[in-house]
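Quick look at final05.txt (compact mmCIF, C-alpha atoms):
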# COMPACT_ATOMS: atom_id res chain seq x y z
CA MET E 53 24.48 9.73 25.89
CA SER E 54 25.93 6.52 24.45
CA ASP E 55 27.62 6.80 21.05
CA SER E 56 27.11 3.13 20.14
CA PRO E 57 24.94 2.97 17.01
CA ILE E 58 21.18 2.82 17.40
CA ILE E 59 20.91 1.54 13.82
CA THR E 60 23.45 -0.38 11.75
CA VAL E 61 22.78 -1.07 8.09
CA ASN E 62 24.95 -3.70 6.48
CA GLY E 63 25.11 -4.38 2.72
CA LEU E 64 21.44 -3.49 2.30
CA ILE E 65 20.09 -4.35 -1.11
CA LYS E 66 16.43 -3.90 -1.97
CA GLN E 67 15.15 -5.06 -5.31
CA PHE E 68 11.71 -4.66 -6.83
CA GLY E 69 11.70 -7.26 -9.58
CA ARG E 70 14.83 -6.50 -11.59
CA PHE E 71 15.10 -2.93 -10.35
CA ALA E 72 17.44 -2.36 -7.43
CA ALA E 73 16.19 0.57 -5.33
CA LEU E 74 18.99 0.15 -2.78
CA ARG E 75 22.38 -1.11 -3.94
CA GLY E 76 24.46 -2.08 -0.95
CA VAL E 77 23.85 0.55 1.72
CA ASN E 78 26.30 0.44 4.64
CA ALA E 79 25.87 2.92 7.46
CA THR E 80 25.73 3.37 11.20
CA PHE E 81 23.58 5.95 12.93
CA ALA E 82 24.13 7.24 16.45
CA PRO E 83 21.27 7.81 18.89
CA GLY E 84 19.87 11.24 19.72
CA ARG E 85 20.71 12.78 16.36
CA LEU E 86 18.70 14.24 13.53
CA TYR E 87 19.64 12.90 10.12
CA ALA E 88 18.40 14.66 6.99
CA ILE E 89 18.32 12.24 4.07
CA LEU E 90 18.70 14.04 0.78
CA GLY E 91 18.88 13.08 -2.86
CA ASP E 92 17.12 13.34 -6.19
CA ASN E 93 13.89 11.49 -6.98
CA GLY E 94 14.61 7.77 -7.29
CA ALA E 95 17.77 7.96 -5.18
CA GLY E 96 16.36 5.39 -2.73
CA LYS E 97 15.51 7.68 0.21
CA THR E 98 11.95 6.46 0.72
CA THR E 99 12.95 2.81 0.20
CA LEU E 100 15.66 3.20 2.85
CA LEU E 101 13.11 4.68 5.25
CA ARG E 102 10.58 1.92 4.51
CA SER E 103 13.28 -0.69 5.04
CA LEU E 104 14.12 0.83 8.42
CA ALA E 105 10.40 0.79 9.28
CA GLY E 106 10.22 -2.91 8.43
CA LEU E 107 7.83 -2.26 5.54
CA ALA E 108 10.29 -3.27 2.81
CA PRO E 109 12.25 -6.30 3.99
CA PRO E 110 15.81 -6.41 2.58
CA THR E 111 16.47 -8.53 -0.49
CA ARG E 112 20.00 -8.93 0.90
CA GLY E 113 21.88 -7.46 3.83
CA THR E 114 20.79 -6.69 7.37
CA ILE E 115 19.38 -3.89 9.47
CA SER E 116 20.13 -3.94 13.17
CA MET E 117 18.02 -1.61 15.27
CA LEU E 118 18.23 -1.18 19.05
CA GLY E 119 20.43 -4.27 19.15
CA THR E 120 18.26 -6.63 17.15
CA THR E 121 17.76 -7.56 13.52
CA LYS E 122 14.16 -8.60 14.24
CA LEU E 123 12.54 -5.26 13.48
CA ARG E 124 9.08 -6.49 14.58
CA ASP E 125 10.48 -6.81 18.11
CA VAL E 126 11.28 -3.10 18.29
CA CYS E 127 8.43 -1.65 16.22
CA ALA E 128 6.83 -0.19 19.36
CA GLN E 129 9.91 2.07 19.62
CA LEU E 130 9.39 3.39 16.11
CA GLY E 131 7.32 6.24 14.70
CA TYR E 132 6.73 6.33 10.97
CA MET E 133 5.31 9.12 8.86
CA ALA E 134 4.92 8.35 5.18
CA HIS E 135 4.29 10.59 2.21
CA PRO E 136 0.57 9.64 2.20
CA SER E 137 -1.16 10.55 5.47
CA LEU E 138 -1.80 6.98 6.82
CA LEU E 139 -5.08 8.35 8.16
CA TYR E 140 -8.73 7.47 7.48
CA ASP E 141 -10.34 10.34 5.55
CA GLU E 142 -13.81 9.61 6.95
CA MET E 143 -12.79 10.00 10.61
CA SER E 144 -11.74 13.09 12.54
CA GLY E 145 -8.14 13.57 13.62
CA MET E 146 -8.97 12.63 17.20
CA GLU E 147 -10.88 9.49 16.10
CA ASN E 148 -7.93 8.46 13.97
CA LEU E 149 -5.44 8.98 16.78
CA ARG E 150 -7.63 7.24 19.36
CA TYR E 151 -7.75 4.20 17.08
CA PHE E 152 -4.02 4.11 16.32
CA ALA E 153 -3.19 4.70 19.99
CA ARG E 154 -5.07 1.49 20.87
CA LEU E 155 -2.77 -0.45 18.54
CA TYR E 156 0.06 0.53 20.90
CA GLY E 157 -1.98 -0.22 24.01
CA ILE E 158 -2.50 3.50 24.73
CA THR E 159 -5.97 4.26 26.07
CA ASP E 160 -5.20 7.72 27.43
CA ARG E 161 -7.18 10.40 25.58
CA ALA E 162 -4.89 13.08 27.01
CA ARG E 163 -1.93 11.56 25.14
CA CYS E 164 -3.79 11.97 21.82
CA GLU E 165 -4.77 15.55 22.70
CA GLY E 166 -1.15 16.27 23.67
CA VAL E 167 0.34 15.19 20.34
CA ILE E 168 -2.35 17.04 18.40
CA ARG E 169 -1.51 20.22 20.31
CA ALA E 170 2.21 19.57 19.80
CA VAL E 171 1.70 19.85 16.03
CA LYS E 172 -0.37 23.03 16.52
CA LEU E 173 -3.77 21.58 15.69
CA ASP E 174 -6.97 21.70 17.73
CA PRO E 175 -7.98 18.37 19.34
CA ALA E 176 -11.62 19.54 19.33
CA LEU E 177 -11.69 19.84 15.54
CA ASP E 178 -14.32 17.27 14.56
CA ARG E 179 -14.11 17.61 10.78
CA PRO E 180 -13.18 14.39 8.94
CA VAL E 181 -9.51 14.32 7.93
CA GLY E 182 -10.64 14.18 4.28
CA GLN E 183 -11.77 17.80 4.66
CA TYR E 184 -8.45 18.98 6.12
CA SER E 185 -6.03 21.08 4.07
CA GLN E 186 -2.89 19.25 2.90
CA GLY E 187 -0.82 21.03 5.53
CA MET E 188 -3.19 20.07 8.35
CA ARG E 189 -3.15 16.49 7.12
CA GLN E 190 0.66 16.46 7.21
CA ARG E 191 0.68 17.75 10.77
CA MET E 192 -1.95 15.23 11.88
CA SER E 193 0.15 12.53 10.24
CA LEU E 194 3.15 13.68 12.28
CA ALA E 195 0.96 13.60 15.41
CA ARG E 196 0.11 9.96 14.61
CA ALA E 197 3.81 9.12 14.33
CA LEU E 198 4.46 10.70 17.73
CA LEU E 199 1.61 8.89 19.53
CA ASN E 200 3.68 6.09 21.03
CA ASP E 201 6.52 8.40 22.16
CA PRO E 202 8.97 6.52 19.89
CA ARG E 203 12.75 6.50 20.32
CA ILE E 204 13.26 6.52 16.56
CA LEU E 205 11.24 8.66 14.16
CA LEU E 206 11.21 8.02 10.42
CA LEU E 207 9.67 10.93 8.56
CA ASP E 208 9.13 10.97 4.80
CA GLU E 209 8.66 14.47 3.38
CA PRO E 210 7.10 16.01 6.51
CA PHE E 211 7.23 19.54 5.03
CA SER E 212 5.61 18.85 1.67
CA ASN E 213 2.47 20.96 1.07
CA VAL E 214 3.01 22.78 4.36
CA ASP E 215 3.18 26.59 4.32
CA VAL E 216 6.51 28.21 5.21
CA ARG E 217 5.50 29.29 8.71
CA SER E 218 4.09 25.89 9.62
CA ALA E 219 7.12 24.16 8.10
CA ARG E 220 9.41 26.24 10.33
CA GLU E 221 7.25 25.35 13.35
CA MET E 222 7.49 21.70 12.40
CA SER E 223 11.27 21.82 12.02
CA GLY E 224 11.42 23.49 15.46
CA LEU E 225 9.36 20.61 16.85
CA LEU E 226 11.76 18.11 15.26
CA ARG E 227 14.70 19.92 16.88
CA ASP E 228 12.95 19.73 20.28
CA LEU E 229 12.36 16.01 19.79
CA ARG E 230 16.04 15.49 18.97
CA ASP E 231 16.97 17.56 22.04
CA HIS E 232 14.83 15.17 24.10
CA GLY E 233 16.96 12.25 22.92
CA LYS E 234 14.96 10.99 19.97
CA THR E 235 16.73 9.81 16.83
CA LEU E 236 15.16 11.26 13.71
CA PHE E 237 15.50 10.42 10.03
CA VAL E 238 13.93 13.05 7.82
CA VAL E 239 13.64 12.53 4.07
CA THR E 240 13.13 15.91 2.47
CA HIS E 241 13.60 18.00 -0.64
CA GLN E 242 13.46 21.14 1.51
CA ALA E 243 16.84 20.68 3.16
CA SER E 244 17.19 24.37 4.00
CA LEU E 245 14.48 23.94 6.65
CA LEU E 246 16.83 21.61 8.51
CA ASP E 247 19.95 23.75 8.07
CA GLY E 248 21.32 24.40 11.54
CA ILE E 249 18.97 21.77 13.00
CA ALA E 250 20.10 18.48 11.44
CA ASP E 251 23.22 16.91 12.91
CA GLU E 252 24.10 15.24 9.66
CA PHE E 253 23.05 15.38 6.03
CA VAL E 254 23.03 11.97 4.37
CA TRP E 255 23.27 12.19 0.59
CA MET E 256 21.90 9.40 -1.57
CA GLU E 257 22.34 8.66 -5.25
CA SER E 258 21.28 5.61 -7.26
CA GLY E 259 20.40 3.55 -4.19
CA GLN E 260 23.57 4.27 -2.26
CA ILE E 261 24.75 6.66 0.42
CA VAL E 262 27.39 8.72 -1.35
CA ASP E 263 28.18 11.37 1.24
CA ARG E 264 27.54 12.35 4.85
CA THR E 265 28.15 15.96 5.80
CA PRO E 266 27.62 18.05 8.95
CA ASP E 267 26.07 20.85 6.90
CA LEU E 268 24.40 21.36 3.55
CA ARG E 269 27.66 21.65 1.61
CA ARG E 270 28.70 18.50 -0.22
CA GLY E 271 32.28 17.20 -0.45
CA GLY E 272 32.80 15.26 2.80
CA THR E 273 33.60 11.56 2.90
CA ALA E 274 31.02 8.79 2.60
CA MET Q 97 0.49 -4.70 24.50
CA SER Q 98 -3.26 -4.95 24.29
CA GLY Q 99 -4.69 -8.39 23.72
CA ILE Q 100 -5.72 -9.74 20.35
CA SER Q 101 -9.39 -9.48 21.19
CA GLU Q 102 -9.20 -5.85 22.36
CA ILE Q 103 -7.43 -4.71 19.18
CA ALA Q 104 -9.85 -6.78 17.09
CA ARG Q 105 -12.74 -5.08 18.91
CA VAL Q 106 -11.49 -1.52 18.33
CA THR Q 107 -10.67 -2.34 14.69
CA LEU Q 108 -14.15 -3.80 14.18
CA VAL Q 109 -15.78 -0.72 15.75
CA LYS Q 110 -13.64 1.49 13.51
CA ASP Q 111 -14.68 -0.48 10.41
CA LEU Q 112 -18.37 -0.36 11.33
CA ARG Q 113 -18.05 3.40 11.90
CA LEU Q 114 -16.37 3.87 8.50
CA GLU Q 115 -19.04 1.77 6.79
CA TRP Q 116 -21.83 3.64 8.57
CA ARG Q 117 -20.41 6.92 7.25
CA SER Q 118 -19.59 5.83 3.70
CA LYS Q 119 -22.06 2.93 3.18
CA ASP Q 120 -19.74 1.78 0.35
CA ALA Q 121 -20.05 -1.96 0.91
CA ILE Q 122 -23.65 -2.31 2.01
CA ASN Q 123 -25.09 -0.15 -0.81
CA SER Q 124 -23.16 -1.98 -3.53
CA MET Q 125 -24.14 -5.38 -2.12
CA LEU Q 126 -27.81 -4.45 -1.77
CA PHE Q 127 -28.17 -3.12 -5.30
CA PHE Q 128 -26.32 -6.10 -6.74
CA SER Q 129 -28.47 -8.65 -4.85
CA LEU Q 130 -31.65 -6.80 -5.70
CA LEU Q 131 -30.76 -6.93 -9.38
CA VAL Q 132 -30.06 -10.67 -9.15
CA VAL Q 133 -33.43 -11.37 -7.49
CA VAL Q 134 -35.38 -9.29 -9.98
CA ILE Q 135 -33.54 -10.56 -13.08
CA PHE Q 136 -33.85 -14.21 -11.99
CA SER Q 137 -37.53 -13.77 -11.22
CA PHE Q 138 -38.11 -12.45 -14.76
CA SER Q 139 -35.92 -15.16 -16.32
CA PHE Q 140 -37.68 -18.13 -14.68
CA ASP Q 141 -41.27 -18.77 -13.86
CA PRO Q 142 -40.96 -21.82 -11.61
CA THR Q 143 -43.72 -23.65 -9.78
CA ALA Q 144 -43.52 -23.75 -5.97
CA GLU Q 145 -41.98 -27.22 -6.15
CA GLU Q 146 -39.33 -26.17 -8.70
CA SER Q 147 -38.57 -23.06 -6.64
CA ARG Q 148 -37.76 -25.17 -3.61
CA ARG Q 149 -35.31 -27.19 -5.72
CA ILE Q 150 -33.45 -24.26 -7.28
CA ALA Q 151 -33.73 -21.62 -4.53
CA GLY Q 152 -30.73 -22.91 -2.53
CA GLY Q 153 -28.44 -22.45 -5.53
CA LEU Q 154 -29.90 -19.08 -6.51
CA VAL Q 155 -29.75 -17.61 -3.03
CA TRP Q 156 -26.21 -18.67 -2.24
CA VAL Q 157 -24.76 -17.75 -5.64
CA ALA Q 158 -26.35 -14.30 -5.28
CA PHE Q 159 -24.90 -13.89 -1.78
CA LEU Q 160 -21.49 -15.14 -2.89
CA PHE Q 161 -21.28 -12.60 -5.71
CA ALA Q 162 -22.57 -9.83 -3.46
CA ALA Q 163 -20.07 -10.77 -0.73
CA VAL Q 164 -17.19 -10.30 -3.19
CA VAL Q 165 -18.23 -6.65 -3.52
CA ALA Q 166 -18.01 -6.17 0.26
CA LEU Q 167 -14.74 -8.07 0.52
CA ASN Q 168 -13.06 -5.83 -2.03
CA GLN Q 169 -14.35 -2.71 -0.27
CA THR Q 170 -13.05 -3.82 3.12
CA TRP Q 171 -9.43 -3.75 2.08
CA ALA Q 172 -9.77 -0.94 -0.45
CA ARG Q 173 -10.33 1.51 2.40
CA GLU Q 174 -7.07 0.34 3.99
CA LEU Q 175 -5.21 1.16 0.77
CA ARG Q 176 -6.45 4.76 0.56
CA ASN Q 177 -3.69 6.92 2.09
CA GLN Q 178 -1.78 3.63 2.67
CA VAL Q 179 -3.40 3.34 6.11
CA LEU Q 180 -2.54 -0.35 6.21
CA ASP Q 181 1.13 0.63 6.64
CA ALA Q 182 0.24 2.36 9.92
CA TYR Q 183 -1.08 -0.99 11.15
CA ARG Q 184 1.94 -2.88 9.77
CA VAL Q 185 4.46 -0.71 11.63
CA SER Q 186 2.55 -1.02 14.91
CA PRO Q 187 3.06 -3.91 17.36
CA ALA Q 188 -0.60 -4.93 16.94
CA PRO Q 189 -0.97 -8.63 16.04
CA ALA Q 190 -1.93 -9.47 12.47
CA ASN Q 191 -4.64 -11.86 13.66
CA SER Q 192 -6.54 -9.03 15.36
CA LEU Q 193 -6.85 -7.25 12.03
CA PHE Q 194 -7.92 -10.44 10.29
CA LEU Q 195 -10.55 -11.27 12.91
CA ALA Q 196 -11.93 -7.73 12.85
CA LYS Q 197 -12.16 -7.71 9.06
CA ALA Q 198 -13.75 -11.17 8.91
CA LEU Q 199 -16.29 -10.26 11.62
CA GLY Q 200 -17.05 -6.97 9.89
CA ASN Q 201 -17.67 -8.75 6.60
CA PHE Q 202 -19.78 -11.33 8.41
CA ILE Q 203 -21.96 -8.54 9.81
CA PHE Q 204 -22.30 -6.82 6.41
CA VAL Q 205 -23.23 -10.03 4.59
CA THR Q 206 -25.61 -11.06 7.40
CA VAL Q 207 -27.40 -7.70 7.16
CA LEU Q 208 -27.67 -8.23 3.41
CA GLU Q 209 -29.09 -11.73 3.91
CA ALA Q 210 -31.59 -10.46 6.47
CA LEU Q 211 -32.81 -7.83 4.01
CA MET Q 212 -32.81 -10.02 0.89
CA THR Q 213 -34.21 -13.29 2.25
CA PRO Q 214 -37.80 -11.96 2.56
CA LEU Q 215 -37.59 -10.83 -1.08
CA PHE Q 216 -36.43 -14.29 -2.18
CA ILE Q 217 -39.32 -15.84 -0.22
CA VAL Q 218 -41.86 -13.53 -1.89
CA PHE Q 219 -40.45 -13.72 -5.44
CA TYR Q 220 -40.00 -17.49 -5.41
CA ASN Q 221 -42.97 -18.38 -3.22
CA LEU Q 222 -40.77 -20.35 -0.82
CA ARG Q 223 -41.85 -22.40 2.18
CA ALA Q 224 -39.65 -24.89 4.04
CA LEU Q 225 -41.02 -28.42 4.20
CA GLY Q 226 -38.10 -29.58 6.40
CA PRO Q 227 -36.95 -28.21 9.80
CA ALA Q 228 -36.80 -24.44 9.08
CA TYR Q 229 -34.63 -23.63 12.14
CA GLN Q 230 -31.74 -25.42 10.39
CA LEU Q 231 -31.76 -22.70 7.72
CA PHE Q 232 -30.48 -20.31 10.39
CA LEU Q 233 -27.59 -22.65 11.16
CA VAL Q 234 -26.75 -23.05 7.47
CA ALA Q 235 -26.88 -19.28 6.99
CA VAL Q 236 -24.48 -18.60 9.89
CA LEU Q 237 -22.01 -21.35 8.97
CA GLY Q 238 -22.24 -20.67 5.24
CA THR Q 239 -21.77 -16.92 5.61
CA TRP Q 240 -18.71 -17.45 7.82
CA ALA Q 241 -17.29 -19.89 5.25
CA LEU Q 242 -17.63 -17.25 2.53
CA VAL Q 243 -16.22 -14.32 4.51
CA VAL Q 244 -13.33 -16.06 6.25
CA ASN Q 245 -11.75 -17.18 2.98
CA GLY Q 246 -12.92 -14.06 1.20
CA THR Q 247 -11.24 -11.79 3.77
CA PHE Q 248 -8.04 -13.79 3.52
CA PHE Q 249 -7.87 -13.92 -0.28
CA ALA Q 250 -8.92 -10.28 -0.61
CA ALA Q 251 -5.91 -9.40 1.56
CA MET Q 252 -3.70 -11.66 -0.55
CA SER Q 253 -4.81 -10.02 -3.79
CA LEU Q 254 -4.38 -6.49 -2.36
CA ARG Q 255 -1.02 -5.89 -3.96
CA THR Q 256 -1.88 -7.45 -7.31
CA ARG Q 257 -2.68 -5.21 -10.25
CA SER Q 258 -6.17 -6.55 -11.03
CA ARG Q 259 -7.27 -7.38 -7.53
CA GLU Q 260 -10.99 -7.17 -8.34
CA ILE Q 261 -10.55 -10.02 -10.84
CA MET Q 262 -8.01 -11.86 -8.72
CA LEU Q 263 -10.32 -12.23 -5.70
CA PRO Q 264 -13.05 -14.28 -7.45
CA LEU Q 265 -10.36 -16.32 -9.22
CA LEU Q 266 -8.87 -17.31 -5.87
CA LEU Q 267 -12.04 -17.42 -3.80
CA PHE Q 268 -14.55 -19.27 -5.97
CA PRO Q 269 -12.63 -22.53 -6.51
CA ILE Q 270 -11.76 -22.85 -2.83
CA SER Q 271 -15.37 -22.07 -1.84
CA ILE Q 272 -16.82 -24.92 -3.93
CA PRO Q 273 -17.02 -27.46 -1.05
CA ALA Q 274 -18.69 -24.88 1.20
CA LEU Q 275 -21.01 -23.69 -1.56
CA LEU Q 276 -21.99 -27.27 -2.34
CA ALA Q 277 -22.76 -27.90 1.34
CA MET Q 278 -24.75 -24.67 1.63
CA VAL Q 279 -26.82 -25.36 -1.49
CA GLU Q 280 -27.47 -29.02 -0.67
CA ALA Q 281 -28.36 -28.24 2.95
CA THR Q 282 -30.72 -25.42 1.93
CA THR Q 283 -32.37 -27.55 -0.75
CA SER Q 284 -32.83 -30.46 1.65
CA ILE Q 285 -34.45 -28.20 4.27
CA LEU Q 286 -36.72 -26.50 1.72
CA THR Q 287 -37.86 -29.76 0.07
CA GLY Q 288 -37.81 -31.83 3.26
CA GLU Q 289 -36.71 -34.85 1.19
CA PHE Q 290 -33.52 -35.73 3.05
CA SER Q 291 -31.58 -34.74 6.16
CA ALA Q 292 -29.25 -31.72 6.03
CA LYS Q 293 -27.15 -33.03 8.92
CA PHE Q 294 -24.25 -34.30 6.78
CA TRP Q 295 -23.94 -30.97 4.93
CA ILE Q 296 -24.11 -28.97 8.16
CA VAL Q 297 -21.33 -31.08 9.69
CA LEU Q 298 -19.31 -30.56 6.50
CA LEU Q 299 -19.80 -26.79 6.84
CA VAL Q 300 -18.64 -26.89 10.47
CA ALA Q 301 -15.51 -28.81 9.46
CA TYR Q 302 -14.87 -26.44 6.56
CA ASP Q 303 -15.20 -23.40 8.85
CA VAL Q 304 -12.87 -24.83 11.49
CA VAL Q 305 -10.18 -25.86 8.97
CA PHE Q 306 -10.18 -22.63 6.99
CA THR Q 307 -10.49 -20.30 9.99
CA THR Q 308 -7.47 -22.01 11.57
CA GLY Q 309 -5.51 -21.92 8.31
CA CYS Q 310 -6.27 -18.25 7.67
CA LEU Q 311 -5.32 -17.27 11.24
CA LEU Q 312 -2.04 -19.16 10.96
CA LEU Q 313 -1.10 -17.66 7.60
CA PHE Q 314 -2.40 -14.11 7.84
CA GLU Q 315 0.75 -12.67 9.41
CA VAL Q 316 2.72 -13.74 6.33
CA VAL Q 317 0.13 -12.13 4.06
CA LEU Q 318 0.04 -8.86 6.04
CA HIS Q 319 3.78 -8.41 6.35
CA GLY Q 320 4.70 -9.86 2.97
CA GLU Q 321 5.27 -7.65 -0.06

Encoded form using structure tokens:
Amino acid sequence: MSDSPIITVNGLIKQFGRFAALRGVNATFAPGRLYAILGDNGAGKTTLLRSLAGLAPPTRGTISMLGTTKLRDVCAQLGYMAHPSLLYDEMSGMENLRYFARLYGITDRARCEGVIRAVKLDPALDRPVGQYSQGMRQRMSLARALLNDPRILLLDEPFSNVDVRSAREMSGLLRDLRDHGKTLFVVTHQASLLDGIADEFVWMESGQIVDRTPDLRRGGTA
Amino acid sequence: MSGISEIARVTLVKDLRLEWRSKDAINSMLFFSLLVVVIFSFSFDPTAEESRRIAGGLVWVAFLFAAVVALNQTWARELRNQVLDAYRVSPAPANSLFLAKALGNFIFVTVLEALMTPLFIVFYNLRALGPAYQLFLVAVLGTWALVVNGTFFAAMSLRTRSREIMLPLLLFPISIPALLAMVEATTSILTGEFSAKFWIVLLVAYDVVFTTGCLLLFEVVLHGE
């Protein structure tokens, strides 16, 4: 596996009005690794993830992904799971996935069924997503992010509102995805679920990356 | 990647399915228009001749206000659970989303017009003295003029704090030429006093210019912050 970076972030500044959510982030990320992004509320984790997804264009600085700074050109290689579900409450999980699959040119129903099973849900469940439990919604949201078999996965709080057993199953799934060569960025407050799974813990404070460590203990170099 | 038209088609089908299940837009529009018809009919007691002169204005103003309700609803459902972000991170073209939304709104407003027009005819005792088939043309062109700009400006005002106020503020001034053409054309057909041809041509030109402009600019609106 090549060690040349899959993502390079250079002097990334993101301002919302006068508030700077990211204050000069510089980092490179290698392919086929699982990065856990940690930090207190307001540290800039979600903004960094949204910037990588192309949803929050940089105020200054650049993001190079898969060899290009034009993120729209590589968005088909990207899977994004946000804190909200990004699903229509009035439609069933399968209906949602069938629709989003078409946006990627995927017409294969089996692909949708496959990702639903991968997150341990039943593709035949025809209840609207609005009637799902929070945990089921999170898993369906992860299934949506996996639809296009992306090379890079950006996951914002995938374990929130998920029971302990399901969260462990999900972290196992993330490990399998990494083992299959995917690059994953997981923003979480439940870092212990990724202990022994994540290749690197990226610590953020006040809109900057302040540390990168191979395990959950702080004190390495930035 | 699937073509623009295929993604527009599946997005339109999805929107129609969502509307069929929630009936958010159509119910609000229907009740609003019904109120307008009833209140106006109590407020005025026009003769048949006066009705023909004012009906064009009444009908189109009622449909314009009702359309704003639908236009706000269309994008509101994309904001719940931030579903719009799922579209923005996909490689699907922005124009497909715009076309689907505009066509969806066109269908909703057309259904409203089909249901409300008989009521207007009954309440205002209307009968066209000019070529009645031209009313169909005016309705199609006029409705498209309202929804194409409405869909665009509703998307533009999505991220503003008071988007329900912002939409009419943006939409109404820019709709004045179209509204004028719709009212004048309708009045001329109902009274039969002059030809509606000039106003219909104006509506065609308006539709072509604004549809092209919206299609060219929508990507900036969708991917902007």

(request) Return the neighbours of chain Q among the residues of chain E, cut-off 10 Å, counting only C-alpha atoms, as a PyMOL selection string. (result) chain E and resi 68+102+105-109+123-143+147-148+150-159+196-197+200

(request) Return the single residue from E:Arg169, E:Thr121, E:Ser144, E:Leu149 that is closest to Tyr184 of chain E, with distances computed using only C-alpha atoms. (result)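 Going through E:Arg169, E:Thr121, E:Ser144, E:Leu149 one by one, the smallest distance to Tyr184 of chain E is for E:Ser144.
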
(request) Please indicate the distance in Å from atom CA of Ser116 of chain E to atom CA of Val61 of chain E, rounded to one decimal place. (result)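 For atom CA of Ser116 of chain E relative to atom CA of Val61 of chain E, the distance reads 6.4 Å.
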
(request) Please identify all polymer residues within 8 Å of Met192 of chain E, counting all atoms listed in the file, omitting same-chain residues fewer than 6 positions from it, and present them as a list in words. (result)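 Within the cut-off, the hits are Ser137, Gly145, Ile168, Val171 and Leu173 of chain E.
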
Expected file: the selected residues, C-alpha atoms, as a PDB file, keeping the file's coordinate frame:
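Dumped everything to again_37.pdb:
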ATOM      1  CA  SER E 137      -1.160  10.550   5.470  1.00  0.00           C
ATOM      2  CA  GLY E 145      -8.140  13.570  13.620  1.00  0.00           C
ATOM      3  CA  ILE E 168      -2.350  17.040  18.400  1.00  0.00           C
ATOM      4  CA  VAL E 171       1.700  19.850  16.030  1.00  0.00           C
ATOM      5  CA  LEU E 173      -3.770  21.580  15.690  1.00  0.00           C
TER       6      LEU E 173
END

(message) Counting all atoms listed in the file, which residue out of Q:Glu289, Q:Thr206, Q:Leu298, Q:Phe219 sits closest to Phe136 of chain Q?
(response)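 Nearest to Phe136 of chain Q: Q:Phe219.
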
(request) May I ask for the distance between atom CA of Ile115 of chain E and atom CA of Leu246 of chain E, given in Å to one decimal place? (result)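 About the pair atom CA of Ile115 of chain E and atom CA of Leu246 of chain E: they are 25.6 Å apart.
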
(request) Find the spatial neighbours of segment 226-234 of chain Q, counting only C-alpha atoms, within a cut-off of 8 Å - ignore same-chain residues fewer than 4 positions away - and output them as a list of chain:residue names. (result)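 Those residues are Q:Gly238, Q:Met278, Q:Ala281, Q:Thr282, Q:Ser284, Q:Ile285, Q:Leu286, Q:Thr287, Q:Gly288, Q:Glu289, Q:Ile296, Q:Leu299.
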
(request) To one decimal in Å, tell me the separation between atom CA of Ser218 of chain E and atom CA of Arg163 of chain E. (result)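 If I compute the distance from atom CA of Ser218 of chain E to atom CA of Arg163 of chain E, I get 22.0 Å.
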
(request) Point out the residue among Q:Phe159, Q:Gly152, Q:Lys293, Q:Glu146 with the least atom-to-atom distance to Met212 of chain Q, counting all atoms listed in the file. (result)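 Going through Q:Phe159, Q:Gly152, Q:Lys293, Q:Glu146 one by one, the smallest distance to Met212 of chain Q is for Q:Phe159.
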
(request) Rank nothing, just name the residue among E:Thr111, E:Met146, E:Ala88, E:Arg269 nearest to Leu245 of chain E, using only C-alpha atoms. (result)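 Result for the nearest residue to Leu245 of chain E: E:Ala88.
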
(message) When you look at Arg264 of chain E with a cut-off of 12 Å (counting only C-alpha atoms), what residues show up, excluding the ones that are within fewer than 5 positions of it in the same chain? I need them as number ranges by chain.
(response) E: 78-81, 87-91, 250-257, 269-274

(request) Please provide the set of residues having any atom within 9 Å of His241 of chain E, restricted to all atoms listed in the file, with same-chain residues fewer than 2 positions apart removed, written as a PyMOL selection string. (result) chain E and resi 89-92+209+211-212+239+243-244

(message) So that I can see what lies close to Ala166 of chain Q, please list as a list in words the residues with an atom at most 7 Å from it, counting all atoms listed in the file and leaving out residues fewer than 3 positions away in the same chain.
(response)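 After dropping sequence-adjacent residues, the list is Ala121, Met125, Ala162, Ala163, Gln169, Thr170 and Asn201 of chain Q.
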
(request) Rank Q:Ser258, Q:Leu222, Q:Phe306, Q:Leu318 by their smallest atom-to-atom distance to Pro142 of chain Q, using all atoms listed in the file, and report the top residue only. (result)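 Smallest distance to Pro142 of chain Q is found for Q:Leu222.
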
(request) Counting all atoms listed in the file, select every polymer residue within 7 Å of (-13.1, -28.6, 1.8) as defined in the file's coordinates, and provide the selection as a ChimeraX atom specification. (result) /Q:273-274,302

(message) Which residue is closest to Leu199 of chain Q? Choose from Q:Lys119, Q:Arg105, Q:Arg223, Q:Arg257 and count only C-alpha atoms.
(response)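 Looking at the shortest contact to Leu199 of chain Q, the residue is Q:Arg105.
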
(request) May I have the protein, DNA and RNA residues with any atom at most 12 Å from the point (-10.6, -23.8, -1.6), counting all atoms listed in the file, written as a list in words? (result) Ala241, Leu242, Val244, Asn245, Gly246, Phe248, Phe249, Pro264, Leu265, Leu266, Leu267, Phe268, Pro269, Ile270, Ser271, Ile272, Pro273, Ala274, Leu275, Leu276, Tyr302, Asp303, Val305, Phe306, Gly309 and Cys310 of chain Q
